[in-house]
Amino acid sequence: MSEERDLLQTRLAKRQAWLDTAGSYVNDFRRQHLAGELHDKFADADKAALEEMQEPASIAGRVMLRRVMGKASFITLQDNSGRIQVYLARNNLGDEVYKSFDKLWDIGDLVGVRGIMMRTNKGELTVDAREIVLLNKTLRPLPEKFHGVTDQEIRYRQRYLDLIMNEDTRALFRTRTQIIQRTRDYFNQLGYLEVETPMMHAIPGGATARPFITHHNALDMELYLRVAPELFLKRLVVGGFERVFEINRNFRNEGLSTRHNPEFTMLEFYQAYADYRDLMAMTDELLEVLCRDVLGSSQVTYQGLALDFSSAPQRMTMAESICRFTDLSEQAVEDADQLRQRLQALNLTAEPGWGVGKMQMELFEAQVESRLEQPTYITEYPAEVSPLARRNDRNPEVTDRFELFISGREYANGFSELNDPLDQAERFRAQAELKSSGDDEAMHFDQDYIDALEYGLPPTAGEGLGIDRLVMLMTDSASIRDVLLFPLMRPLGPG
């Protein structure tokens, strides 16, 4: 700690010496070029050609390397596009400016440079500086240059350091932006309208999850950060916006893990006059488009697992999947007593009021989900655990719902929407009873949504797809924290 304090004091002294001369932080330097652009433009120009061109350059960025060699020195500048070397000669800059560089500049400082393009004897593209400007004197040293930021805790807590030091991190978040942008393009091309729905809800709904609770002082009322935008998006379909989508944040008051962050990004989309099978086909196409256009290939490797999104995922019902991955028969999967016995044998709670559907879901999550490595659609979810999905015409105990699993994780959840207001009201009442009996994740009864359904929701299908997990998949990231710029972290203790 004493070494850190000494370094800070040294840089503070340099800052003051600089301000004594400069008077204030410089704010009028305007760069004209980026490092990456210069490398692209002059990739084929050799030393002699550049000497003849006398091409001017104006760049700005952070000093990442610094080699002082008497009357001439080199620095490496990093900007948003990459790095480029700068040559500083006392004869070109003048004694006073060069002395200021020598004595006051440090690695990490932000600087501006104007000069002429050249190539060194070793062939490295370089800006021959004729003017240099210190734009910001940094007070804290960057991490050790050869190792950068490798400590995960520091990477997540001080993402700005991670971004400065690690090109892989910068590339990952550029990929994230490209995934989101290409997703928007895909839905825009299909005639969808991008919308924004409320983040604060008087009644939390759209998913079975524990909400965050806040208080509005002026109205003296409790509000909830949204767990899902679903009910508002379906209100828009009632209103005549027949194809809508939203890419935005959801909030769920749940635990932290490599797969979960309380604040996360979801894509939700709804289409009138469609059903869940249409959305499975759309999802197949979307994933292939994203992989091809963003990554350049429909083949992806995630944590050593080879995946091919040019082929349609396999499909099986929830009951079929339980039979396939356990030793339970088709009859046993529909038998409440046998399901309860199996859950108890796994040391899982089986509440007295649970029906077959709820126990099937618990058993699926315990013994099947993690084994679905290749892309797989699980269909026919029990109505008991699908309070917003339309019942199946052949079997009203299950719904026209699917979830997409890849590498043992859920990526998407979609279904044909329940548009019968009487059925929806009855399911809301069942959820309200669960909530009153202590289930914090059960839904509230939303009368306004029932009123909207009574005005008529056309046959509609809707889906939610987790953007963070999708970015994890496409960037081969093991933890959700790797793909969130600022993941939620437990506060550091004293000292």
# chains A, B, ... in the order shown; residues from 1 in each chain; ligands from 1
>>> select_by_dssp(residues="region 104-299 of chain A", states="helix (DSSP H, G or I)", output="ChimeraX atom specification")
/A:104,152-157,159-165,167-189,230-238,276-295
>>> residues_around(residues="Glu330 (chain A)", least_positions_apart="6", cutoff="12 Å", atoms="only C-alpha atoms", output="list in words")
Thr317, Met318, Ala319, Glu320, Ser321, Ile322, Cys323, Arg324, Gln338, Leu339 and Gln360 of chain A
>>> closest_residue(among="A:Leu267, A:Leu161, A:Ala412, A:Val368", to="Asp284 (chain A)", atoms="only C-alpha atoms")
A:Ala412
>>> closest_atom_pairs(of="region 318-429 of chain A", to="region 233-236 of chain A", cutoff="12 Å", atoms="only C-alpha atoms", output="JSON lines")
{"residue": "A:Leu388", "atom": "CA", "partner": "A:Lys234", "partner_atom": "CA", "distance": 10.9}
{"residue": "A:Ser416", "atom": "CA", "partner": "A:Lys234", "partner_atom": "CA", "distance": 11.8}
{"residue": "A:Glu417", "atom": "CA", "partner": "A:Lys234", "partner_atom": "CA", "distance": 8.8}
{"residue": "A:Leu418", "atom": "CA", "partner": "A:Lys234", "partner_atom": "CA", "distance": 10.3}
{"residue": "A:Asn419", "atom": "CA", "partner": "A:Lys234", "partner_atom": "CA", "distance": 9.7}
>>> residues_around(residues="Arg342 (chain A)", least_positions_apart="3", cutoff="12 Å", atoms="only C-alpha atoms", output="PDB file with C-alpha atoms, in the first residue's frame")
ATOM      1  CA  ILE A 322     -38.098 -37.447 -18.659  1.00  0.00           C
ATOM      2  CA  THR A 326     -34.493 -41.358 -16.431  1.00  0.00           C
ATOM      3  CA  ASP A 327     -35.718 -44.920 -15.892  1.00  0.00           C
ATOM      4  CA  LEU A 328     -39.341 -43.815 -15.464  1.00  0.00           C
ATOM      5  CA  ALA A 332     -44.899 -43.454 -14.229  1.00  0.00           C
ATOM      6  CA  VAL A 333     -44.310 -39.959 -15.625  1.00  0.00           C
ATOM      7  CA  ASP A 335     -48.458 -40.939 -11.942  1.00  0.00           C
ATOM      8  CA  ALA A 336     -48.403 -38.482  -9.028  1.00  0.00           C
ATOM      9  CA  ASP A 337     -47.330 -41.058  -6.418  1.00  0.00           C
ATOM     10  CA  GLN A 338     -44.376 -42.307  -8.468  1.00  0.00           C
ATOM     11  CA  LEU A 339     -43.267 -38.781  -9.286  1.00  0.00           C
ATOM     12  CA  ALA A 345     -35.448 -40.114  -3.489  1.00  0.00           C
ATOM     13  CA  LEU A 346     -33.538 -37.145  -4.964  1.00  0.00           C
ATOM     14  CA  ASN A 347     -33.943 -35.229  -1.661  1.00  0.00           C
ATOM     15  CA  LEU A 348     -36.180 -32.699  -3.373  1.00  0.00           C
ATOM     16  CA  THR A 349     -39.221 -31.146  -1.765  1.00  0.00           C
ATOM     17  CA  ALA A 350     -42.582 -32.258  -3.104  1.00  0.00           C
ATOM     18  CA  MET A 359     -43.652 -32.489 -10.133  1.00  0.00           C
ATOM     19  CA  GLN A 360     -42.766 -33.227 -13.748  1.00  0.00           C
ATOM     20  CA  GLU A 362     -39.187 -30.279 -10.815  1.00  0.00           C
ATOM     21  CA  LEU A 363     -37.948 -33.655 -12.019  1.00  0.00           C
ATOM     22  CA  PHE A 364     -37.110 -32.244 -15.450  1.00  0.00           C
ATOM     23  CA  ALA A 366     -33.251 -31.858 -11.606  1.00  0.00           C
ATOM     24  CA  GLN A 367     -32.422 -34.702 -13.970  1.00  0.00           C
TER      25      GLN A 367
END
